[in-house]
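Chemist: Below you'll find work-v9.txt; it's compact mmCIF, C-alpha atoms and all ligand atoms.
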# COMPACT_ATOMS: atom_id res chain seq x y z
CA MET O 1 0.00 0.00 0.00
CA THR O 2 1.51 3.35 -1.00
CA MET O 3 1.59 5.87 1.82
CA PHE O 4 3.27 9.13 2.76
CA ARG O 5 6.39 8.92 4.93
CA SER O 6 8.48 11.73 6.44
CA ILE O 7 12.20 11.83 5.81
CA ILE O 8 14.64 14.16 7.54
CA ALA O 9 15.72 16.27 4.56
CA GLY O 10 17.94 18.68 6.51
CA CYS O 11 19.25 19.41 9.98
CA GLY O 12 20.83 22.42 11.69
CA SER O 13 21.65 23.66 15.17
CA TYR O 14 22.82 26.68 17.07
CA LEU O 15 24.55 27.17 20.42
CA PRO O 16 25.01 30.60 22.04
CA GLU O 17 28.57 31.86 22.08
CA LYS O 18 28.92 32.25 25.87
CA ILE O 19 30.17 29.17 27.71
CA ILE O 20 30.13 28.65 31.48
CA THR O 21 32.53 25.91 32.57
CA ASN O 22 32.15 23.84 35.73
CA LYS O 23 35.10 25.76 37.20
CA GLN O 24 33.18 29.01 36.63
CA MET O 25 30.09 27.40 38.28
CA GLU O 26 32.24 27.01 41.41
CA ASP O 27 32.16 30.84 41.72
CA ILE O 28 28.35 30.88 41.44
CA VAL O 29 27.23 28.07 43.78
CA ASP O 30 28.76 25.67 46.33
CA THR O 31 29.81 22.98 43.85
CA THR O 32 32.89 21.43 42.31
CA ASP O 33 33.98 20.48 38.80
CA GLU O 34 34.56 16.94 40.13
CA TRP O 35 31.03 16.57 41.57
CA ILE O 36 29.38 17.77 38.37
CA ILE O 37 31.47 15.51 36.12
CA GLU O 38 31.10 12.46 38.35
CA ARG O 39 27.32 12.79 38.88
CA THR O 40 26.34 14.05 35.38
CA GLY O 41 29.22 13.94 32.84
CA ILE O 42 28.70 17.67 32.19
CA THR O 43 31.83 19.85 31.77
CA GLN O 44 30.29 23.10 30.44
CA ARG O 45 27.05 24.70 29.19
CA HIS O 46 26.22 27.41 26.62
CA ILE O 47 24.21 30.38 27.92
CA ALA O 48 22.23 32.81 25.76
CA ALA O 49 23.21 36.50 25.80
CA ASP O 50 20.78 38.82 27.63
CA ASP O 51 19.32 40.05 24.35
CA GLU O 52 19.20 36.59 22.74
CA LEU O 53 15.72 35.03 22.91
CA THR O 54 14.54 31.47 22.31
CA SER O 55 13.23 32.56 18.90
CA ASP O 56 16.67 33.95 17.96
CA LEU O 57 18.29 30.57 18.67
CA ALA O 58 15.47 28.81 16.80
CA ILE O 59 15.82 31.04 13.74
CA ARG O 60 19.59 30.39 13.53
CA ALA O 61 19.01 26.61 13.71
CA ALA O 62 16.09 26.75 11.25
CA GLU O 63 18.08 28.69 8.65
CA LYS O 64 20.86 26.09 8.82
CA ALA O 65 18.37 23.21 8.51
CA LEU O 66 16.76 24.88 5.46
CA ALA O 67 20.15 25.40 3.80
CA ASN O 68 21.10 21.79 4.59
CA ALA O 69 17.85 20.58 2.97
CA GLY O 70 18.38 22.85 -0.06
CA LEU O 71 14.96 24.46 0.56
CA LYS O 72 13.70 28.04 0.93
CA ALA O 73 11.43 29.39 3.69
CA SER O 74 8.66 29.65 1.07
CA ASP O 75 8.78 25.84 0.61
CA ILE O 76 7.77 25.29 4.25
CA GLU O 77 4.07 24.80 5.02
CA LEU O 78 4.21 24.29 8.79
CA ILE O 79 6.52 25.18 11.68
CA VAL O 80 6.30 23.31 14.96
CA VAL O 81 8.47 24.66 17.78
CA ALA O 82 8.95 22.60 20.93
CA THR O 83 9.82 24.89 23.83
CA SER O 84 9.14 25.38 27.53
CA THR O 85 10.87 28.77 27.48
CA PRO O 86 8.88 30.78 24.91
CA ASP O 87 9.78 34.42 24.21
CA GLN O 88 6.39 35.50 25.54
CA THR O 89 3.26 33.84 26.96
CA PHE O 90 1.80 34.50 23.53
CA PRO O 91 2.11 34.68 20.55
CA ALA O 92 3.69 31.30 19.90
CA THR O 93 7.46 31.42 19.46
CA ALA O 94 6.86 29.49 16.22
CA THR O 95 5.16 32.57 14.70
CA ARG O 96 8.23 34.66 15.60
CA VAL O 97 10.38 32.08 13.83
CA GLN O 98 7.99 32.18 10.86
CA ALA O 99 8.46 35.95 10.55
CA GLY O 100 12.20 35.67 11.25
CA ILE O 101 12.89 33.28 8.39
CA GLY O 102 10.67 35.28 6.04
CA MET O 103 7.80 32.81 5.63
CA ASP O 104 4.43 34.49 5.13
CA LYS O 105 2.05 31.58 4.57
CA GLY O 106 1.32 28.22 6.12
CA ALA O 107 0.91 27.66 9.86
CA ALA O 108 3.12 27.85 12.94
CA PHE O 109 2.51 26.76 16.52
CA ASP O 110 4.34 25.69 19.70
CA ILE O 111 4.28 22.42 21.59
CA GLN O 112 5.08 22.05 25.28
CA ALA O 113 6.29 18.68 26.53
CA VAL O 114 9.45 19.91 28.27
CA CYS O 115 12.44 17.62 27.53
CA SER O 116 10.27 15.30 25.39
CA GLY O 117 9.10 18.29 23.33
CA PHE O 118 11.13 17.52 20.21
CA ILE O 119 9.76 13.96 20.04
CA TYR O 120 6.21 15.29 20.51
CA ALA O 121 6.79 17.91 17.79
CA LEU O 122 8.20 15.29 15.41
CA ALA O 123 5.20 13.03 16.02
CA VAL O 124 2.76 15.86 15.25
CA ALA O 125 4.66 16.93 12.12
CA ASP O 126 4.97 13.33 10.93
CA ASN O 127 1.21 12.90 11.26
CA PHE O 128 0.60 16.06 9.18
CA ILE O 129 2.81 14.56 6.46
CA ARG O 130 1.24 11.09 6.67
CA ALA O 131 -2.21 12.70 6.35
CA GLY O 132 -1.10 14.53 3.20
CA GLN O 133 -1.61 17.94 4.87
CA ALA O 134 1.98 19.16 4.50
CA ARG O 135 4.98 18.35 2.29
CA HIS O 136 7.75 20.26 4.10
CA VAL O 137 7.67 20.95 7.85
CA LEU O 138 10.23 22.68 10.07
CA VAL O 139 10.46 20.98 13.46
CA ILE O 140 12.48 22.88 16.04
CA GLY O 141 13.54 22.36 19.65
CA ALA O 142 14.71 25.65 21.18
CA GLU O 143 15.28 26.66 24.81
CA THR O 144 16.72 29.32 27.07
CA PHE O 145 16.51 27.32 30.30
CA SER O 146 19.08 29.67 31.86
CA ARG O 147 16.16 32.08 32.34
CA ILE O 148 14.16 29.69 34.56
CA LEU O 149 17.06 28.41 36.65
CA ASP O 150 17.40 29.31 40.32
CA TRP O 151 21.08 30.26 40.23
CA ASN O 152 21.24 29.74 44.03
CA ASP O 153 20.13 26.10 43.77
CA ARG O 154 23.22 23.99 43.11
CA ALA O 155 21.10 20.86 42.63
CA THR O 156 19.59 22.24 39.40
CA CYS O 157 21.50 25.25 38.04
CA VAL O 158 24.60 23.20 37.13
CA LEU O 159 22.57 20.83 34.94
CA PHE O 160 21.08 22.94 32.15
CA GLY O 161 22.14 24.99 29.13
CA ASP O 162 20.66 26.92 26.19
CA GLY O 163 20.52 25.99 22.50
CA ALA O 164 18.39 25.08 19.50
CA GLY O 165 18.20 22.40 16.85
CA ALA O 166 15.97 22.02 13.81
CA VAL O 167 15.09 19.50 11.16
CA VAL O 168 13.15 19.77 7.90
CA LEU O 169 10.72 16.88 7.46
CA SER O 170 9.79 16.24 3.83
CA ALA O 171 7.14 13.96 2.40
CA THR O 172 8.13 10.92 0.39
CA THR O 173 6.17 7.82 -0.53
CA GLY O 174 6.71 4.39 0.95
CA THR O 175 5.21 0.93 0.92
CA GLY O 176 4.00 1.06 4.52
CA THR O 177 6.50 -1.61 5.60
CA SER O 178 9.51 -1.28 7.89
CA SER O 179 11.84 -1.42 4.87
CA ASP O 180 10.73 2.13 3.93
CA ARG O 181 13.04 5.08 4.47
CA GLY O 182 11.93 7.80 6.89
CA ILE O 183 10.08 7.90 10.20
CA LEU O 184 8.74 4.38 10.78
CA SER O 185 7.06 5.08 14.12
CA THR O 186 6.53 7.56 16.91
CA HIS O 187 5.27 6.63 20.38
CA LEU O 188 4.23 9.23 22.97
CA HIS O 189 3.42 8.82 26.66
CA SER O 190 2.67 10.98 29.67
CA ASP O 191 1.71 10.43 33.30
CA GLY O 192 0.52 13.55 35.13
CA ARG O 193 0.72 11.87 38.54
CA TYR O 194 4.40 12.84 38.51
CA ASN O 195 3.91 16.61 37.94
CA ASP O 196 5.56 17.42 41.27
CA LEU O 197 8.90 15.72 40.59
CA LEU O 198 9.97 18.19 37.88
CA TYR O 199 8.18 21.51 37.41
CA VAL O 200 8.47 25.31 37.38
CA ASP O 201 7.09 26.95 40.52
CA GLY O 202 5.37 29.77 38.67
CA GLY O 203 3.18 30.50 35.69
CA VAL O 204 0.61 32.84 34.19
CA SER O 205 -2.45 31.31 35.83
CA SER O 206 -0.93 30.33 39.19
CA THR O 207 1.56 32.99 40.31
CA ARG O 208 1.40 35.45 37.39
CA SER O 209 5.18 35.15 37.27
CA THR O 210 7.70 32.97 35.46
CA GLY O 211 9.00 30.91 38.38
CA TYR O 212 12.02 28.64 38.68
CA LEU O 213 12.73 25.04 37.79
CA ARG O 214 12.40 22.58 40.70
CA MET O 215 13.37 18.92 40.53
CA LYS O 216 13.58 15.86 42.75
CA GLY O 217 16.60 14.62 40.79
CA LYS O 218 17.00 11.14 42.25
CA GLU O 219 13.38 10.19 41.61
CA VAL O 220 13.41 11.64 38.09
CA PHE O 221 16.58 9.65 37.40
CA ARG O 222 14.96 6.37 38.49
CA HIS O 223 11.86 6.91 36.32
CA ALA O 224 13.97 8.07 33.35
CA VAL O 225 15.97 4.85 33.04
CA VAL O 226 12.85 2.65 33.29
CA ASN O 227 10.71 4.74 30.90
CA LEU O 228 13.44 5.27 28.31
CA ALA O 229 14.37 1.60 28.11
CA SER O 230 10.69 0.64 27.82
CA VAL O 231 9.90 3.20 25.11
CA VAL O 232 12.84 2.00 22.99
CA LYS O 233 11.69 -1.63 23.41
CA GLU O 234 8.16 -0.56 22.40
CA ALA O 235 9.50 1.06 19.19
CA LEU O 236 11.60 -2.00 18.34
CA GLU O 237 8.72 -4.43 18.90
CA TYR O 238 6.33 -2.27 16.85
CA ASN O 239 8.77 -2.43 13.89
CA ASN O 240 9.73 -6.10 14.39
CA LEU O 241 13.34 -5.11 15.08
CA GLY O 242 15.80 -6.12 17.80
CA ALA O 243 18.30 -4.04 19.80
CA ASP O 244 21.06 -5.35 17.50
CA ASP O 245 19.34 -3.69 14.51
CA ILE O 246 19.85 -0.20 15.99
CA ASP O 247 22.76 1.68 14.41
CA MET O 248 22.46 4.85 16.50
CA VAL O 249 20.47 6.04 19.52
CA ILE O 250 20.06 9.78 19.94
CA PRO O 251 18.74 10.21 23.48
CA HIS O 252 17.64 13.36 25.23
CA GLN O 253 20.82 14.54 26.96
CA ALA O 254 20.09 14.94 30.69
CA ASN O 255 22.84 12.98 32.40
CA LYS O 256 25.62 10.70 31.11
CA ARG O 257 24.74 8.18 33.82
CA ILE O 258 21.16 7.96 32.46
CA LEU O 259 22.53 7.33 28.94
CA ASP O 260 24.85 4.59 30.24
CA ALA O 261 22.20 2.93 32.44
CA THR O 262 19.63 2.92 29.59
CA ALA O 263 22.17 1.40 27.16
CA ARG O 264 23.00 -1.29 29.75
CA LYS O 265 19.30 -2.06 30.28
CA LEU O 266 18.86 -2.46 26.50
CA LYS O 267 22.13 -4.48 26.26
CA MET O 268 23.33 -1.98 23.66
CA ASP O 269 26.87 -1.12 22.65
CA PRO O 270 27.53 2.32 24.29
CA ALA O 271 29.42 3.36 21.12
CA LYS O 272 26.03 3.52 19.36
CA VAL O 273 24.70 6.13 21.81
CA ALA O 274 25.16 9.81 20.89
CA VAL O 275 26.66 11.86 23.74
CA THR O 276 26.70 15.67 23.80
CA VAL O 277 25.61 16.27 27.40
CA ASP O 278 29.28 16.70 28.35
CA ARG O 279 29.52 19.93 26.31
CA HIS O 280 25.89 21.09 25.97
CA ALA O 281 24.48 20.05 29.41
CA ASN O 282 20.70 19.51 29.40
CA THR O 283 19.13 21.78 26.76
CA SER O 284 15.66 20.23 27.20
CA SER O 285 13.76 20.06 23.88
CA ALA O 286 16.85 21.21 21.94
CA SER O 287 19.12 18.37 23.05
CA ILE O 288 18.04 15.74 20.51
CA PRO O 289 18.27 17.88 17.35
CA LEU O 290 21.58 19.32 18.63
CA ALA O 291 22.96 15.80 19.06
CA LEU O 292 21.48 14.60 15.77
CA ASP O 293 23.13 17.49 13.94
CA GLU O 294 26.48 16.65 15.52
CA MET O 295 26.19 12.95 14.57
CA LEU O 296 25.30 13.86 10.97
CA ARG O 297 28.21 16.30 10.71
CA GLN O 298 30.58 13.64 12.02
CA GLY O 299 29.31 11.24 9.32
CA ARG O 300 28.13 8.76 11.95
CA ILE O 301 24.74 8.15 10.30
CA ALA O 302 24.55 6.49 6.85
CA GLN O 303 21.61 5.93 4.52
CA GLY O 304 19.69 2.84 5.58
CA ASP O 305 20.74 3.08 9.25
CA ILE O 306 18.15 2.51 11.97
CA VAL O 307 18.20 5.56 14.25
CA VAL O 308 16.15 5.79 17.46
CA LEU O 309 15.42 9.12 19.15
CA GLU O 310 14.12 8.95 22.73
CA ALA O 311 13.36 11.41 25.53
CA MET O 312 11.80 11.80 28.95
CA GLY O 313 10.89 15.00 30.77
CA GLY O 314 8.62 16.89 33.12
CA GLY O 315 4.99 15.85 33.26
CA PHE O 316 6.19 13.13 33.13
CA THR O 317 6.29 12.89 29.35
CA TRP O 318 8.34 10.42 27.33
CA GLY O 319 8.48 9.06 23.81
CA SER O 320 10.42 7.66 20.88
CA CYS O 321 10.84 8.13 17.15
CA LEU O 322 12.32 5.31 15.05
CA ILE O 323 13.78 6.26 11.67
CA ARG O 324 15.30 4.31 8.79
CA TRP O 325 17.75 6.89 7.46
O1 LIG K 1 15.72 16.44 31.52
C1 LIG K 1 14.69 16.00 32.34
C2 LIG K 1 15.09 14.87 33.10
N1 LIG K 1 16.03 15.24 34.16
C3 LIG K 1 16.84 14.31 34.57
O2 LIG K 1 16.84 13.26 34.01
C4 LIG K 1 17.70 14.56 35.78
C5 LIG K 1 17.74 13.29 36.58
N2 LIG K 1 18.52 13.34 37.81
C6 LIG K 1 19.86 13.45 37.81
O3 LIG K 1 20.49 13.59 36.78
C7 LIG K 1 20.57 13.32 39.14
O4 LIG K 1 19.66 12.87 40.11
C8 LIG K 1 21.23 14.64 39.61
C9 LIG K 1 22.46 14.91 38.76
C10 LIG K 1 20.26 15.77 39.53
C11 LIG K 1 21.71 14.50 41.05
O5 LIG K 1 22.58 13.38 41.22
P1 LIG K 1 22.36 12.37 42.43
O6 LIG K 1 23.44 11.39 42.39
O7 LIG K 1 20.95 11.88 42.35
O8 LIG K 1 22.60 13.30 43.69
P2 LIG K 1 21.62 13.73 44.86
O9 LIG K 1 20.57 14.66 44.36
O10 LIG K 1 21.17 12.53 45.62
O11 LIG K 1 22.61 14.53 45.79
C12 LIG K 1 23.73 13.89 46.43
C13 LIG K 1 24.46 14.94 47.24
C14 LIG K 1 23.55 15.74 48.17
O12 LIG K 1 24.25 15.96 49.37
P3 LIG K 1 23.94 15.11 50.69
O13 LIG K 1 22.47 15.35 50.98
O14 LIG K 1 24.22 13.69 50.29
O15 LIG K 1 24.87 15.66 51.70
C15 LIG K 1 23.37 17.04 47.45
O16 LIG K 1 23.11 18.13 48.33
O17 LIG K 1 25.07 15.88 46.38
C16 LIG K 1 24.70 17.20 46.79
N3 LIG K 1 24.66 18.06 45.61
C17 LIG K 1 25.73 18.70 45.13
N4 LIG K 1 27.00 18.76 45.55
C18 LIG K 1 27.85 19.51 44.85
C19 LIG K 1 23.59 18.33 44.81
N5 LIG K 1 23.97 19.13 43.82
C20 LIG K 1 25.28 19.39 44.00
C21 LIG K 1 26.22 20.16 43.29
N6 LIG K 1 27.49 20.18 43.74
N7 LIG K 1 25.91 20.84 42.18
Would it be possible to restate this file's structure as structure tokens?
Ligand code: UT7
Modeler:
Amino acid sequence: MTMFRSIIAGCGSYLPEKIITNKQMEDIVDTTDEWIIERTGITQRHIAADDELTSDLAIRAAEKALANAGLKASDIELIVVATSTPDQTFPATATRVQAGIGMDKGAAFDIQAVCSGFIYALAVADNFIRAGQARHVLVIGAETFSRILDWNDRATCVLFGDGAGAVVLSATTGTGTSSDRGILSTHLHSDGRYNDLLYVDGGVSSTRSTGYLRMKGKEVFRHAVVNLASVVKEALEYNNLGADDIDMVIPHQANKRILDATARKLKMDPAKVAVTVDRHANTSSASIPLALDEMLRQGRIAQGDIVVLEAMGGGFTWGSCLIRW
């Protein structure tokens, strides 16, 4: 049966120029380079300039993804931006990106699923393409988490960074079998019973302020390893594939120990797991497209490869996207 499939036609990313190293964090809070590296694998994070907004990072990444795909802004019919740190409460950051790249038709909206946001955005965009409603879609993960960090809380402020990554999804036709190229499946989950383990203690309707990120790290860690391993298994079973068939896993980058523990649980070769958390820290919805862009630039993904993207974040939300490149 002929059907529409989405392929990743282009990818791009952007990191703000300013870097704060772990050593510099020692001057901000009571922490050490050794503690941060041992507990998280993080050595540094990029931080947006005061006048650099989430949309600015998103536009830089989007322009690179468009150039990489060989497309113009006028070819794009839909923009989906995953972010938990929008420029403003409204309008959607996606509409700012739309104006910024010079696109004056189509539709643009934001999605909020915290660190799983990019997977949620990909799933939505893929469904637009499968339904025949769009041929070229820009999917972006962009964040300025530095703005919602409590810089007095050493348990959270050392963990996050700013950045953006973007892909262009383009429609192609396939046979509907797992030998097709493109996105073969997306799986999304959430469980609102865990709202209180990772949240921002402010918001328009509750405190009429922005608030700061709060996290019960140990508990989030425990859930992350279980949920991430199970969502990868779900994707493999759905596509009749085994862990050995995976050529590359691009996980959300929260903590190197989570990446290692998930790979162990899946009995996967750690060399097949993309790692950027050491240099980017946790950039929430931007971490997967940032890592994907790095893997592509390093030539670590070849046509035909099975690539699995997976993430877990506040909500809790978690999900996967399995692609034959
Ligand atoms: O992206 C969304 C998903 N987020 C995550 O996946 C994050 C998941 N959680 C984690 O990555 C880890 O739980 C953390 C990195 C946040 C924390 O690591 P941990 O091994 O779970 O440490 P902990 O929170 O149990 O803290 C251990 C100790 C505590 O001291 P006491 O109570 O044992 O005396 C903390 O106060 O480490 C202390 N501590 C620090 N020490 C130096 C906490 N933060 C710091 C710090 N520097 N920055």
Chemist: Taking only C-alpha atoms and all ligand atoms and a cut-off of 8 Å, can you tell me which residues surround ligand LIG 1 (chain K), written as a PyMOL selection string?
Modeler: chain O and resi 29-32+35-36+39-40+114-115+153-159+198+215-222+224+252-255+257-258+282-284+312-314
Chemist: Can you pull out the residues contacting O:Ser209? Cut-off 12 Å, using all atoms listed in the file, and skip same-chain residues under 6 positions away; I want them as an mmCIF file with C-alpha atoms, keeping the file's coordinate frame.
Modeler:
data_model
loop_
_atom_site.group_PDB
_atom_site.id
_atom_site.type_symbol
_atom_site.label_atom_id
_atom_site.label_comp_id
_atom_site.auth_asym_id
_atom_site.auth_seq_id
_atom_site.Cartn_x
_atom_site.Cartn_y
_atom_site.Cartn_z
ATOM 1 C CA GLN O 88 6.390 35.500 25.540
ATOM 2 C CA THR O 89 3.260 33.840 26.960
ATOM 3 C CA ILE O 148 14.160 29.690 34.560
ATOM 4 C CA VAL O 200 8.470 25.310 37.380
ATOM 5 C CA ASP O 201 7.090 26.950 40.520
ATOM 6 C CA GLY O 202 5.370 29.770 38.670
ATOM 7 C CA GLY O 203 3.180 30.500 35.690
#
Chemist: What does the structure give for the distance between atom CA of O:Phe316 and atom CA of O:Thr144, in Å to one decimal?
Modeler: 20.2 Å
Chemist: Atom CA of O:His187 and atom CA of O:Leu122 are how many Å apart?
Modeler: 10.4 Å
Chemist: Please provide as a list of chain:residue names all residues within 12 Å of O:Tyr238, with the sequence filter that same-chain residues fewer than 3 positions apart are discarded (counting only C-alpha atoms).
Modeler: O:Thr177, O:Ser178, O:Leu184, O:Ser185, O:Thr186, O:His187, O:Val231, O:Val232, O:Lys233, O:Glu234, O:Ala235, O:Leu241, O:Gly242, O:Ser320, O:Cys321, O:Leu322
Chemist: Of the candidates O:Arg147, O:Arg130, O:Lys64, O:Arg135, which shows the shortest atom-to-atom distance to O:Thr85, using all atoms listed in the file?
Modeler: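 For O:Thr85, the nearest of the given residues is O:Arg147.
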Chemist: Can you pull out every residue within 9 Å of O:Ala107, counting all atoms listed in the file, but drop anything in the same chain fewer than 4 positions away, and send it as a ChimeraX atom specification?
Modeler: /O:77-80,94-95,98
Chemist: Calculate how many Å separate atom CA of O:Gly315 from atom CA of O:Leu213, rounding to one decimal.
Modeler: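 Between these atoms lies a distance of 12.8 Å.
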Chemist: With all atoms listed in the file as the atoms that count, which of O:Ala123, O:Ala49, O:Leu236, O:Ala9 lies nearest to O:Ala171?
Modeler: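 Of O:Ala123, O:Ala49, O:Leu236, O:Ala9, the one nearest O:Ala171 is O:Ala9, counting all atoms listed in the file.
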Chemist: Given the choices O:Gly106, O:Ile306, O:Thr317, O:Thr173, which gets closest to O:Arg193 if the distance is worked out from all atoms listed in the file?
Modeler: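 That would be O:Thr317, the residue with the smallest distance to O:Arg193.
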Chemist: Rank O:Gly41, O:Val137, O:Ile250, O:Leu228 by their smallest atom-to-atom distance to O:Arg264, using only C-alpha atoms, and report the top residue only.
Modeler: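 Of O:Gly41, O:Val137, O:Ile250, O:Leu228, the one nearest O:Arg264 is O:Leu228, counting only C-alpha atoms.
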Chemist: When distances are computed from all atoms listed in the file, which of O:Ile323, O:Met25, O:Leu296, O:Ile76 shows the smallest separation from O:Gly182?
Modeler: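 Closest to O:Gly182 of all the choices is O:Ile323.
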Chemist: Point out the residue among O:Asn227, O:Thr210, O:Ser285, O:Ser205 with the least atom-to-atom distance to O:Gln112, counting only C-alpha atoms.
Modeler: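 Once distances to O:Gln112 are computed over only C-alpha atoms, the minimum belongs to O:Ser285.
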Chemist: Please provide the set of residues having any atom within 12 Å of O:Ala302, restricted to only C-alpha atoms, with same-chain residues fewer than 6 positions apart removed, written as a PyMOL selection string.
Modeler: chain O and resi 181+247-248+295-296+323-325
Chemist: Can you tell me, as a PDB file with C-alpha atoms, in the coordinates of the input, which residues sit within 9 Å of (24.2, 26.9, 17.1) in the file's frame, using all atoms listed in the file?
Modeler:
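Writing done, so here's selection.pdb:
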ATOM      1  CA  GLY O  12      20.830  22.420  11.690  1.00  0.00           C
ATOM      2  CA  SER O  13      21.650  23.660  15.170  1.00  0.00           C
ATOM      3  CA  TYR O  14      22.820  26.680  17.070  1.00  0.00           C
ATOM      4  CA  LEU O  15      24.550  27.170  20.420  1.00  0.00           C
ATOM      5  CA  PRO O  16      25.010  30.600  22.040  1.00  0.00           C
ATOM      6  CA  GLU O  17      28.570  31.860  22.080  1.00  0.00           C
ATOM      7  CA  LEU O  57      18.290  30.570  18.670  1.00  0.00           C
ATOM      8  CA  ALA O  58      15.470  28.810  16.800  1.00  0.00           C
ATOM      9  CA  ARG O  60      19.590  30.390  13.530  1.00  0.00           C
ATOM     10  CA  ALA O  61      19.010  26.610  13.710  1.00  0.00           C
ATOM     11  CA  LYS O  64      20.860  26.090   8.820  1.00  0.00           C
ATOM     12  CA  GLY O 163      20.520  25.990  22.500  1.00  0.00           C
ATOM     13  CA  ALA O 164      18.390  25.080  19.500  1.00  0.00           C
ATOM     14  CA  GLY O 165      18.200  22.400  16.850  1.00  0.00           C
ATOM     15  CA  LEU O 290      21.580  19.320  18.630  1.00  0.00           C
TER      16      LEU O 290
END
